[in-house]
>>> print(open('model.txt').read())   # compact mmCIF, C-alpha atoms
# COMPACT_ATOMS: atom_id res chain seq x y z
CA MET A 20 -70.88 -67.17 70.39
CA ALA A 21 -70.64 -66.45 74.12
CA VAL A 22 -71.70 -70.02 74.87
CA ALA A 23 -69.02 -71.39 72.53
CA GLU A 24 -66.42 -69.14 74.12
CA GLN A 25 -67.45 -70.24 77.62
CA HIS A 26 -67.27 -73.91 76.54
CA LYS A 27 -63.77 -73.37 75.17
CA THR A 28 -62.64 -71.75 78.43
CA THR A 29 -64.13 -74.63 80.45
CA THR A 30 -62.43 -77.32 78.36
CA THR A 31 -59.13 -75.41 78.42
CA GLY A 32 -59.34 -75.35 82.20
CA LYS A 33 -60.09 -79.08 82.26
CA TYR A 34 -57.09 -79.86 80.05
CA LEU A 35 -54.82 -77.70 82.21
CA ILE A 36 -55.96 -79.53 85.35
CA VAL A 37 -55.31 -82.91 83.71
CA TYR A 38 -51.89 -81.68 82.52
CA VAL A 39 -50.95 -80.59 86.06
CA CYS A 40 -52.20 -83.94 87.43
CA LEU A 41 -50.05 -85.80 84.87
CA LEU A 42 -47.00 -83.71 85.82
CA ALA A 43 -47.67 -84.39 89.50
CA LEU A 44 -48.05 -88.13 88.89
CA ALA A 45 -44.83 -88.18 86.87
CA GLY A 46 -43.18 -86.36 89.79
CA ILE A 47 -44.48 -89.03 92.17
CA GLN A 48 -42.80 -91.69 90.02
CA PHE A 49 -39.48 -89.86 90.37
CA VAL A 50 -39.96 -89.59 94.14
CA ILE A 51 -40.71 -93.34 94.36
CA ALA A 52 -37.45 -94.00 92.49
CA TYR A 53 -35.50 -92.52 95.40
CA GLN A 54 -37.40 -94.32 98.15
CA ASN A 55 -35.52 -96.90 100.14
CA ILE A 56 -37.73 -99.89 99.25
CA ASP A 57 -37.05 -103.13 97.41
CA ALA A 58 -37.33 -103.34 93.62
CA ASP A 59 -40.58 -105.35 93.59
CA GLN A 60 -42.43 -102.79 95.70
CA MET A 61 -40.97 -99.95 93.67
CA PHE A 62 -42.05 -101.65 90.44
CA VAL A 63 -45.63 -102.13 91.67
CA ARG A 64 -45.95 -98.55 92.93
CA MET A 65 -44.55 -97.06 89.74
CA LEU A 66 -46.79 -99.26 87.59
CA ILE A 67 -49.90 -98.19 89.53
CA VAL A 68 -48.99 -94.52 89.05
CA ALA A 69 -48.29 -95.13 85.34
CA CYS A 70 -51.68 -96.82 84.93
CA VAL A 71 -53.45 -93.85 86.56
CA GLU A 72 -51.54 -91.50 84.23
CA ALA A 73 -52.48 -93.61 81.21
CA LEU A 74 -56.13 -93.72 82.26
CA LEU A 75 -56.26 -89.93 82.59
CA ALA A 76 -54.59 -89.43 79.21
CA VAL A 77 -56.83 -91.94 77.43
CA LEU A 78 -60.10 -90.76 78.95
CA ILE A 79 -59.55 -86.98 78.83
CA PHE A 80 -56.84 -86.18 76.27
CA MET A 81 -57.86 -88.91 73.83
CA HIS A 82 -61.57 -88.27 74.46
CA LEU A 83 -62.37 -91.95 75.01
CA TRP A 84 -64.84 -90.87 77.69
CA ALA A 85 -66.88 -89.06 75.03
CA GLU A 86 -67.03 -92.01 72.63
CA SER A 87 -69.91 -94.46 72.48
CA ARG A 88 -70.18 -96.93 75.34
CA GLY A 89 -69.83 -99.87 72.95
CA PHE A 90 -66.49 -98.55 71.72
CA VAL A 91 -65.17 -97.95 75.26
CA ILE A 92 -66.07 -101.54 76.18
CA PHE A 93 -64.44 -102.83 72.97
CA VAL A 94 -61.16 -101.00 73.67
CA ALA A 95 -61.13 -101.94 77.35
CA VAL A 96 -61.94 -105.64 76.91
CA PHE A 97 -59.62 -106.12 73.93
CA THR A 98 -56.66 -104.32 75.51
CA ILE A 99 -57.00 -105.73 79.02
CA PHE A 100 -57.41 -109.29 77.72
CA VAL A 101 -54.23 -109.19 75.65
CA LEU A 102 -52.24 -107.39 78.35
CA LEU A 103 -53.27 -110.01 80.91
CA ALA A 104 -52.46 -112.83 78.49
CA MET A 105 -48.90 -111.47 78.22
CA GLN A 106 -48.34 -112.04 81.93
CA TYR A 107 -47.95 -115.81 81.41
CA GLY A 108 -44.20 -115.37 80.95
CA TRP A 109 -43.43 -113.99 84.41
CA THR A 110 -43.38 -117.32 86.19
CA ASP A 111 -40.71 -118.54 83.81
CA SER A 112 -38.57 -115.47 84.46
CA PHE A 113 -38.61 -116.21 88.20
CA ARG A 114 -37.48 -119.77 87.42
CA MET A 115 -34.42 -118.34 85.70
CA GLU A 116 -33.38 -116.16 88.63
CA HIS A 117 -30.44 -118.45 89.42
CA GLY A 118 -29.29 -119.46 85.95
CA GLY A 119 -30.03 -116.18 84.21
CA ALA A 120 -32.07 -115.43 81.10
CA PRO A 121 -30.95 -116.87 77.76
CA TYR A 122 -27.87 -115.03 76.47
CA SER A 123 -27.55 -113.06 79.73
CA ASN A 124 -23.83 -113.87 79.82
CA TYR A 125 -23.34 -113.18 76.12
CA SER A 126 -20.99 -110.33 75.29
CA LYS A 127 -19.59 -109.52 71.86
CA MET B 3 -82.31 -106.50 53.90
CA SER B 4 -84.16 -104.84 56.75
CA GLN B 5 -86.87 -102.24 56.33
CA ALA B 6 -84.62 -99.66 58.00
CA ASN B 7 -81.87 -100.19 55.41
CA LEU B 8 -84.33 -99.93 52.55
CA THR B 9 -85.77 -96.64 53.71
CA MET B 10 -82.44 -94.99 54.68
CA HIS B 11 -80.53 -93.15 51.97
CA GLY B 12 -77.51 -90.86 51.62
CA PRO B 13 -75.42 -89.74 54.61
CA ALA B 14 -77.86 -91.15 57.15
CA ALA B 15 -77.37 -94.64 55.75
CA MET B 16 -73.57 -94.17 55.81
CA VAL B 17 -73.58 -93.08 59.48
CA ALA B 18 -75.80 -96.02 60.40
CA GLY B 19 -73.29 -98.36 58.73
CA ARG B 20 -70.27 -97.07 60.67
CA PRO B 21 -69.06 -99.24 63.54
CA PHE B 22 -69.53 -97.41 66.86
CA SER B 23 -70.90 -94.38 64.92
CA MET B 24 -67.31 -93.23 64.45
CA PRO B 25 -65.61 -91.75 61.37
CA THR B 26 -63.64 -94.43 59.52
CA LYS B 27 -60.29 -92.66 59.80
CA LYS B 28 -60.69 -92.24 63.54
CA LEU B 29 -61.62 -95.90 63.99
CA ALA B 30 -58.58 -96.88 61.93
CA MET B 31 -56.35 -94.78 64.19
CA TRP B 32 -57.85 -96.37 67.31
CA LEU B 33 -57.27 -99.85 65.88
CA PHE B 34 -53.67 -98.88 65.08
CA ILE B 35 -53.24 -97.58 68.64
CA ILE B 36 -54.61 -100.80 70.12
CA ALA B 37 -52.24 -102.85 67.93
CA ASP B 38 -49.32 -100.59 68.83
CA THR B 39 -50.20 -100.94 72.52
CA MET B 40 -49.65 -104.67 72.09
CA THR B 41 -46.27 -104.06 70.42
CA PHE B 42 -45.01 -101.84 73.24
CA ALA B 43 -46.54 -104.05 75.91
CA ALA B 44 -44.81 -107.10 74.42
CA CYS B 45 -41.49 -105.23 74.39
CA LEU B 46 -41.89 -104.04 77.99
CA VAL B 47 -42.99 -107.47 79.24
CA ALA B 48 -40.03 -109.07 77.44
CA TYR B 49 -37.77 -106.45 79.02
CA GLY B 50 -39.23 -107.21 82.46
CA PHE B 51 -38.75 -110.92 81.80
CA LEU B 52 -35.06 -110.41 81.04
CA ARG B 53 -34.57 -108.04 83.95
CA VAL B 54 -36.13 -110.38 86.51
CA GLY B 55 -34.38 -113.40 85.02
CA THR B 56 -30.90 -111.83 85.00
CA PRO B 57 -28.93 -111.51 88.23
CA ASN B 58 -27.02 -108.23 88.68
CA TRP B 59 -28.93 -106.29 86.08
CA PRO B 60 -26.99 -103.08 85.30
CA ARG B 61 -28.08 -99.81 86.92
CA PRO B 62 -26.16 -97.25 84.90
CA PHE B 63 -28.24 -94.09 85.35
CA HIS B 64 -26.73 -91.59 87.79
CA SER B 65 -29.03 -88.65 87.19
CA ILE B 66 -32.71 -88.28 86.37
CA THR B 67 -32.45 -84.68 85.19
CA ASN B 68 -32.37 -85.48 81.49
CA VAL B 69 -35.27 -87.96 81.62
CA ALA B 70 -37.27 -85.57 83.82
CA VAL B 71 -36.85 -82.77 81.30
CA MET B 72 -37.79 -85.16 78.47
CA THR B 73 -40.93 -86.21 80.36
CA PHE B 74 -41.87 -82.58 80.99
CA ILE B 75 -41.43 -81.73 77.31
CA LEU B 76 -43.51 -84.67 76.10
CA LEU B 77 -46.34 -83.99 78.57
CA THR B 78 -46.33 -80.33 77.56
CA SER B 79 -46.47 -81.32 73.90
CA SER B 80 -49.66 -83.29 74.66
CA LEU B 81 -51.19 -80.15 76.12
CA THR B 82 -50.20 -78.02 73.12
CA MET B 83 -51.67 -80.70 70.84
CA MET B 84 -54.94 -80.44 72.78
CA PHE B 85 -54.91 -76.67 72.29
CA GLY B 86 -54.30 -77.19 68.57
CA VAL B 87 -57.28 -79.54 68.23
CA GLN B 88 -59.43 -77.22 70.32
CA SER B 89 -58.50 -74.23 68.15
CA ALA B 90 -59.27 -76.22 65.00
CA GLU B 91 -62.68 -77.25 66.34
CA SER B 92 -63.53 -73.64 67.15
CA GLY B 93 -62.51 -72.54 63.64
CA ASP B 94 -59.29 -70.75 64.63
CA LYS B 95 -57.16 -72.00 61.75
CA ALA B 96 -54.09 -69.87 62.49
CA GLY B 97 -54.15 -70.86 66.15
CA ALA B 98 -54.52 -74.55 65.31
CA PHE B 99 -51.57 -74.40 62.91
CA ARG B 100 -49.45 -72.51 65.46
CA TRP B 101 -50.16 -75.02 68.27
CA THR B 102 -49.50 -77.95 65.94
CA MET B 103 -46.12 -76.52 64.98
CA ILE B 104 -45.29 -75.85 68.65
CA THR B 105 -46.10 -79.51 69.33
CA ALA B 106 -43.82 -80.59 66.48
CA ALA B 107 -41.04 -78.34 67.84
CA LEU B 108 -41.38 -79.90 71.29
CA GLY B 109 -41.22 -83.33 69.65
CA ILE B 110 -37.98 -82.33 67.93
CA VAL B 111 -36.49 -81.10 71.23
CA PHE B 112 -37.50 -84.40 72.86
CA ALA B 113 -35.85 -86.40 70.06
CA MET B 114 -32.65 -84.33 70.30
CA LEU B 115 -32.44 -84.85 74.06
CA HIS B 116 -33.03 -88.54 73.53
CA ILE B 117 -30.24 -88.81 70.96
CA ARG B 118 -27.92 -86.79 73.21
CA GLU B 119 -28.58 -89.29 75.99
CA TRP B 120 -27.88 -92.21 73.65
CA MET B 121 -24.59 -90.60 72.62
CA GLY B 122 -23.61 -90.23 76.27
CA LEU B 123 -24.26 -93.93 76.90
CA ILE B 124 -22.44 -94.96 73.72
CA ASP B 125 -19.45 -92.83 74.83
CA GLU B 126 -19.44 -94.75 78.11
CA GLY B 127 -19.00 -97.96 76.11
CA MET B 128 -22.57 -99.19 75.77
CA THR B 129 -23.52 -100.96 72.54
CA LEU B 130 -26.30 -103.35 71.55
CA PHE B 131 -24.34 -106.36 72.79
CA LYS B 132 -22.05 -105.13 75.56
CA ASN B 133 -21.68 -102.52 78.25
CA PRO B 134 -19.24 -101.88 81.10
CA TRP B 135 -21.82 -102.62 83.82
CA GLY B 136 -22.83 -106.23 83.20
CA THR B 137 -25.03 -108.31 80.94
CA GLY B 138 -25.08 -107.39 77.27
CA LEU B 139 -28.84 -107.82 77.25
CA PHE B 140 -29.21 -104.43 78.89
CA GLY B 141 -28.00 -102.52 75.83
CA ALA B 142 -30.16 -104.58 73.47
CA SER B 143 -33.33 -104.09 75.50
CA PHE B 144 -32.64 -100.42 76.27
CA PHE B 145 -31.93 -99.43 72.68
CA SER B 146 -34.84 -101.55 71.37
CA ILE B 147 -37.49 -100.02 73.63
CA THR B 148 -36.28 -96.42 73.61
CA GLY B 149 -35.49 -96.72 69.89
CA LEU B 150 -39.00 -97.92 69.12
CA HIS B 151 -40.40 -95.00 71.08
CA LEU B 152 -38.03 -92.54 69.41
CA THR B 153 -39.15 -93.87 66.01
CA HIS B 154 -42.75 -93.17 66.99
CA VAL B 155 -41.85 -89.63 68.09
CA THR B 156 -39.97 -89.00 64.84
CA CYS B 157 -42.86 -90.29 62.73
CA GLY B 158 -45.22 -88.18 64.84
CA VAL B 159 -43.19 -85.03 64.24
CA ILE B 160 -43.18 -85.66 60.48
CA ALA B 161 -46.93 -86.29 60.56
CA LEU B 162 -47.55 -83.15 62.64
CA ILE B 163 -45.70 -80.99 60.14
CA ALA B 164 -47.35 -82.66 57.11
CA VAL B 165 -50.89 -82.60 58.51
CA GLY B 166 -50.41 -79.09 59.93
CA LEU B 167 -49.35 -77.74 56.54
CA ARG B 168 -52.21 -79.51 54.76
CA TYR B 169 -54.65 -78.23 57.35
CA LYS B 170 -53.35 -74.71 56.79
CA GLY B 171 -53.68 -75.21 53.04
CA GLY B 172 -57.31 -76.32 53.43
CA ARG B 173 -56.85 -79.95 52.34
CA TYR B 174 -57.38 -81.34 55.86
CA ASN B 175 -59.91 -80.37 58.50
CA SER B 176 -60.14 -80.41 62.30
CA ASP B 177 -61.02 -84.13 62.29
CA ASP B 178 -57.63 -84.93 60.77
CA LEU B 179 -55.86 -82.92 63.46
CA GLU B 180 -57.89 -84.69 66.15
CA ILE B 181 -56.93 -88.10 64.72
CA LEU B 182 -53.27 -87.11 64.67
CA GLY B 183 -53.71 -85.88 68.24
CA LEU B 184 -54.80 -89.39 69.24
CA TYR B 185 -51.49 -90.75 67.95
CA TRP B 186 -49.46 -88.05 69.70
CA HIS B 187 -51.16 -88.65 73.05
CA PHE B 188 -50.52 -92.36 72.63
CA VAL B 189 -46.79 -91.70 72.17
CA ASP B 190 -46.90 -89.65 75.37
CA LEU B 191 -48.79 -92.42 77.15
CA VAL B 192 -46.19 -95.04 76.23
CA TRP B 193 -43.43 -92.83 77.64
CA MET B 194 -45.21 -92.92 81.03
CA PHE B 195 -44.44 -96.64 81.17
CA VAL B 196 -40.98 -96.51 79.58
CA VAL B 197 -39.65 -93.98 82.12
CA PRO B 198 -40.28 -96.00 85.30
CA LEU B 199 -39.45 -99.41 83.83
CA VAL B 200 -36.37 -98.56 81.79
CA TYR B 201 -34.93 -95.53 83.58
CA LEU B 202 -36.15 -95.15 87.16
CA LEU B 203 -35.81 -98.82 88.11
CA ASN B 204 -32.23 -98.71 86.82
CA LEU B 205 -30.94 -95.77 88.84
CA SER B 206 -27.54 -96.42 90.36
CA ARG B 207 -27.54 -96.43 94.17
>>> encode(input="model.txt", output="structure tokens")
Amino acid sequence: MAVAEQHKTTTTGKYLIVYVCLLALAGIQFVIAYQNIDADQMFVRMLIVACVEALLAVLIFMHLWAESRGFVIFVAVFTIFVLLAMQYGWTDSFRMEHGGAPYSNYSK
Amino acid sequence: MSQANLTMHGPAAMVAGRPFSMPTKKLAMWLFIIADTMTFAACLVAYGFLRVGTPNWPRPFHSITNVAVMTFILLTSSLTMMFGVQSAESGDKAGAFRWTMITAALGIVFAMLHIREWMGLIDEGMTLFKNPWGTGLFGASFFSITGLHLTHVTCGVIALIAVGLRYKGGRYNSDDLEILGLYWHFVDLVWMFVVPLVYLLNLSR
């Protein structure tokens, strides 16, 4: 019983630390928003912070770290592959910088 | 059929047949989360595509107070969900139910703040197809992404209440709460990407 109680206290402490880290990282995103840098740099910095937040949440809060190695690899490979495949569209969006995206001038 | 399959019977055979040695319901939830990740990622990439491809994208947000409070509430709800699952695993049924209901209450507060923010923007003249600040695409993309997230929060709150009550009644166990917790953390995780991309990059300067 004492062992179980000690384990519960340890995991509670771990969750609290992760929670504080997530709050701090979210705070960093808000600080970045007020920095005097161009939008591209701001976007990259915020995305990096968001990825760190997501990694913490997935590994600790969603217990992915405790799952079998095969499952972790499955989730990582599957997700990263599709997310990377979605990036094909960016080059086209840069091409449209002058003319605007389809329907960008549409207003009802 | 292999010798191992022939000699294995009962629960042992069932566990051996499970992919990744994981309960079926949990695996189903993970597969749903992976699929939903693709949905949100597609929406956010499409949003980024429109934003980069549209000159003079509107920056209508003057204050970050509301979105900061919403972020704080959602992150806190993830922590309370963890406590709920932890209580359930240690056999504290009353505690697990209490934490689950606290999580649901935080979800409701988040949804109310979200709707209040929408109302404020609608009062300023923003609709799906037009807004006073520029391209009409802004309203469409903003309401689509935040609306999809709000739908997930609303469904999560309903699920939290339903599963919490069934857990209290003895029909569900701690595994069910843990699986629901996965969904709730995912909703929280998505918000971490929505906030910078949709709100913080569109602060007025």
>>> residues_around(input="model.txt", residues="B:Phe22", least_positions_apart="6", cutoff="9 Å", atoms="all atoms listed in the file", output="list in words")
Glu86, Ser87, Arg88, Gly89 and Phe90 of chain A; Leu29 of chain B
>>> closest_residue(input="model.txt", among="B:Ile104, B:Val165, B:Val54, B:Ile117", to="chain A", atoms="all atoms listed in the file")
B:Val54
>>> atom_distance(input="model.txt", atom1="atom CA of B:Pro25", atom2="atom CA of A:Leu103")
29.5 Å
>>> closest_residue(input="model.txt", among="B:Val155, B:Leu139, B:Met121, B:Ala113", to="chain A", atoms="only C-alpha atoms")
B:Leu139
>>> closest_residue(input="model.txt", among="B:Trp59, B:Phe195, B:Phe42, B:Tyr201", to="B:His154", atoms="all atoms listed in the file")
B:Phe42
>>> residues_around(input="model.txt", residues="A:Asp59", least_positions_apart="5", cutoff="12 Å", atoms="all atoms listed in the file", output="tab-separated table (two decimals) with C-alpha atoms, keeping the file's coordinate frame")
chain	number	residue	atom	x	y	z
A	52	ALA	CA	-37.45	-94.00	92.49
A	64	ARG	CA	-45.95	-98.55	92.93
A	65	MET	CA	-44.55	-97.06	89.74
A	66	LEU	CA	-46.79	-99.26	87.59
B	50	GLY	CA	-39.23	-107.21	82.46
B	53	ARG	CA	-34.57	-108.04	83.95
B	54	VAL	CA	-36.13	-110.38	86.51
B	199	LEU	CA	-39.45	-99.41	83.83
B	203	LEU	CA	-35.81	-98.82	88.11
>>> closest_residue(input="model.txt", among="A:Ala104, A:Val96, A:Ala76, A:Ile36", to="chain B", atoms="only C-alpha atoms")
A:Ala76
>>> atom_distance(input="model.txt", atom1="atom CA of B:Asp190", atom2="atom CA of B:Met128")
26.1 Å
>>> atom_distance(input="model.txt", atom1="atom CA of A:Val50", atom2="atom CA of B:Ile66")
10.7 Å
>>> residues_around(input="model.txt", residues="B:Leu191", least_positions_apart="5", cutoff="12 Å", atoms="only C-alpha atoms", output="PyMOL selection string")
(chain A and resi 41+45+69-78+80-81) or (chain B and resi 35+38-39+42-43+73+76-77+79-80+151+154-155+184-186+196-197)
>>> residues_around(input="model.txt", residues="stretch 87-95 of chain B", least_positions_apart="5", cutoff="7 Å", atoms="only C-alpha atoms", output="ChimeraX atom specification")
/B:170,176,179-180
>>> closest_residue(input="model.txt", among="B:Thr26, B:Thr153, B:Asn58, B:Thr102", to="chain A", atoms="all atoms listed in the file")
B:Asn58
>>> axis_aligned_box(input="model.txt", around="stretch 26-40 of chain B", padding_each_side="6 Å", output="AutoDock Vina command-line options")
--center_x -56.5 --center_y -98.5 --center_z 66.0 --size_x 26.3 --size_y 24.4 --size_z 25.0
>>> decode(input="model.txt", residues="stretch 26-56 of chain A", atoms="N, CA and C atoms", output="PDB file, in the first residue's frame")
ATOM      1  N   HIS A  26       4.143   5.678  -5.356  1.00  0.00           N
ATOM      2  CA  HIS A  26       4.108   5.732  -6.820  1.00  0.00           C
ATOM      3  C   HIS A  26       3.145   6.807  -7.301  1.00  0.00           C
ATOM      4  N   LYS A  27       1.987   6.888  -6.601  1.00  0.00           N
ATOM      5  CA  LYS A  27       0.979   7.886  -6.982  1.00  0.00           C
ATOM      6  C   LYS A  27       1.526   9.298  -6.773  1.00  0.00           C
ATOM      7  N   THR A  28       2.225   9.502  -5.649  1.00  0.00           N
ATOM      8  CA  THR A  28       2.797  10.822  -5.363  1.00  0.00           C
ATOM      9  C   THR A  28       3.838  11.191  -6.418  1.00  0.00           C
ATOM     10  N   THR A  29       4.669  10.192  -6.802  1.00  0.00           N
ATOM     11  CA  THR A  29       5.712  10.442  -7.802  1.00  0.00           C
ATOM     12  C   THR A  29       5.100  10.834  -9.142  1.00  0.00           C
ATOM     13  N   THR A  30       4.082  10.068  -9.565  1.00  0.00           N
ATOM     14  CA  THR A  30       3.479  10.375 -10.878  1.00  0.00           C
ATOM     15  C   THR A  30       2.730  11.707 -10.838  1.00  0.00           C
ATOM     16  N   THR A  31       2.102  12.010  -9.688  1.00  0.00           N
ATOM     17  CA  THR A  31       1.421  13.307  -9.564  1.00  0.00           C
ATOM     18  C   THR A  31       2.436  14.435  -9.732  1.00  0.00           C
ATOM     19  N   GLY A  32       3.582  14.275  -9.091  1.00  0.00           N
ATOM     20  CA  GLY A  32       4.641  15.282  -9.211  1.00  0.00           C
ATOM     21  C   GLY A  32       5.099  15.426 -10.652  1.00  0.00           C
ATOM     22  N   LYS A  33       5.235  14.292 -11.338  1.00  0.00           N
ATOM     23  CA  LYS A  33       5.665  14.313 -12.740  1.00  0.00           C
ATOM     24  C   LYS A  33       4.650  15.068 -13.614  1.00  0.00           C
ATOM     25  N   TYR A  34       3.364  14.774 -13.383  1.00  0.00           N
ATOM     26  CA  TYR A  34       2.321  15.439 -14.168  1.00  0.00           C
ATOM     27  C   TYR A  34       2.305  16.946 -13.902  1.00  0.00           C
ATOM     28  N   LEU A  35       2.524  17.318 -12.629  1.00  0.00           N
ATOM     29  CA  LEU A  35       2.528  18.745 -12.293  1.00  0.00           C
ATOM     30  C   LEU A  35       3.685  19.459 -12.982  1.00  0.00           C
ATOM     31  N   ILE A  36       4.850  18.788 -13.011  1.00  0.00           N
ATOM     32  CA  ILE A  36       6.015  19.387 -13.679  1.00  0.00           C
ATOM     33  C   ILE A  36       5.730  19.584 -15.173  1.00  0.00           C
ATOM     34  N   VAL A  37       5.148  18.549 -15.789  1.00  0.00           N
ATOM     35  CA  VAL A  37       4.826  18.649 -17.226  1.00  0.00           C
ATOM     36  C   VAL A  37       3.802  19.770 -17.462  1.00  0.00           C
ATOM     37  N   TYR A  38       2.814  19.864 -16.570  1.00  0.00           N
ATOM     38  CA  TYR A  38       1.786  20.903 -16.682  1.00  0.00           C
ATOM     39  C   TYR A  38       2.427  22.295 -16.623  1.00  0.00           C
ATOM     40  N   VAL A  39       3.339  22.480 -15.659  1.00  0.00           N
ATOM     41  CA  VAL A  39       4.016  23.783 -15.526  1.00  0.00           C
ATOM     42  C   VAL A  39       4.858  24.064 -16.776  1.00  0.00           C
ATOM     43  N   CYS A  40       5.535  23.023 -17.279  1.00  0.00           N
ATOM     44  CA  CYS A  40       6.333  23.189 -18.518  1.00  0.00           C
ATOM     45  C   CYS A  40       5.435  23.614 -19.679  1.00  0.00           C
ATOM     46  N   LEU A  41       4.263  22.978 -19.782  1.00  0.00           N
ATOM     47  CA  LEU A  41       3.339  23.313 -20.881  1.00  0.00           C
ATOM     48  C   LEU A  41       2.850  24.759 -20.757  1.00  0.00           C
ATOM     49  N   LEU A  42       2.560  25.170 -19.509  1.00  0.00           N
ATOM     50  CA  LEU A  42       2.131  26.562 -19.292  1.00  0.00           C
ATOM     51  C   LEU A  42       3.249  27.525 -19.681  1.00  0.00           C
ATOM     52  N   ALA A  43       4.479  27.158 -19.281  1.00  0.00           N
ATOM     53  CA  ALA A  43       5.630  28.023 -19.587  1.00  0.00           C
ATOM     54  C   ALA A  43       5.836  28.120 -21.100  1.00  0.00           C
ATOM     55  N   LEU A  44       5.724  26.978 -21.783  1.00  0.00           N
ATOM     56  CA  LEU A  44       5.905  26.981 -23.242  1.00  0.00           C
ATOM     57  C   LEU A  44       4.810  27.798 -23.933  1.00  0.00           C
ATOM     58  N   ALA A  45       3.578  27.663 -23.415  1.00  0.00           N
ATOM     59  CA  ALA A  45       2.481  28.469 -23.977  1.00  0.00           C
ATOM     60  C   ALA A  45       2.776  29.948 -23.754  1.00  0.00           C
ATOM     61  N   GLY A  46       3.321  30.269 -22.578  1.00  0.00           N
ATOM     62  CA  GLY A  46       3.708  31.655 -22.273  1.00  0.00           C
ATOM     63  C   GLY A  46       4.765  32.153 -23.245  1.00  0.00           C
ATOM     64  N   ILE A  47       5.720  31.282 -23.570  1.00  0.00           N
ATOM     65  CA  ILE A  47       6.781  31.658 -24.516  1.00  0.00           C
ATOM     66  C   ILE A  47       6.178  32.013 -25.876  1.00  0.00           C
ATOM     67  N   GLN A  48       5.161  31.250 -26.286  1.00  0.00           N
ATOM     68  CA  GLN A  48       4.496  31.551 -27.566  1.00  0.00           C
ATOM     69  C   GLN A  48       3.894  32.967 -27.547  1.00  0.00           C
ATOM     70  N   PHE A  49       3.287  33.316 -26.407  1.00  0.00           N
ATOM     71  CA  PHE A  49       2.688  34.652 -26.306  1.00  0.00           C
ATOM     72  C   PHE A  49       3.766  35.738 -26.318  1.00  0.00           C
ATOM     73  N   VAL A  50       4.911  35.445 -25.701  1.00  0.00           N
ATOM     74  CA  VAL A  50       6.014  36.414 -25.708  1.00  0.00           C
ATOM     75  C   VAL A  50       6.538  36.597 -27.136  1.00  0.00           C
ATOM     76  N   ILE A  51       6.690  35.478 -27.850  1.00  0.00           N
ATOM     77  CA  ILE A  51       7.176  35.540 -29.242  1.00  0.00           C
ATOM     78  C   ILE A  51       6.243  36.410 -30.089  1.00  0.00           C
ATOM     79  N   ALA A  52       4.938  36.325 -29.797  1.00  0.00           N
ATOM     80  CA  ALA A  52       3.950  37.084 -30.582  1.00  0.00           C
ATOM     81  C   ALA A  52       4.186  38.587 -30.503  1.00  0.00           C
ATOM     82  N   TYR A  53       4.816  39.040 -29.423  1.00  0.00           N
ATOM     83  CA  TYR A  53       5.045  40.480 -29.261  1.00  0.00           C
ATOM     84  C   TYR A  53       6.469  40.893 -29.610  1.00  0.00           C
ATOM     85  N   GLN A  54       7.272  39.941 -30.113  1.00  0.00           N
ATOM     86  CA  GLN A  54       8.630  40.283 -30.522  1.00  0.00           C
ATOM     87  C   GLN A  54       8.607  41.039 -31.850  1.00  0.00           C
ATOM     88  N   ASN A  55       9.581  41.884 -32.016  1.00  0.00           N
ATOM     89  CA  ASN A  55       9.628  42.683 -33.243  1.00  0.00           C
ATOM     90  C   ASN A  55      10.439  41.943 -34.316  1.00  0.00           C
ATOM     91  N   ILE A  56       9.892  40.860 -34.817  1.00  0.00           N
ATOM     92  CA  ILE A  56      10.560  40.063 -35.861  1.00  0.00           C
ATOM     93  C   ILE A  56       9.576  39.844 -37.010  1.00  0.00           C
TER      94      ILE A  56
END
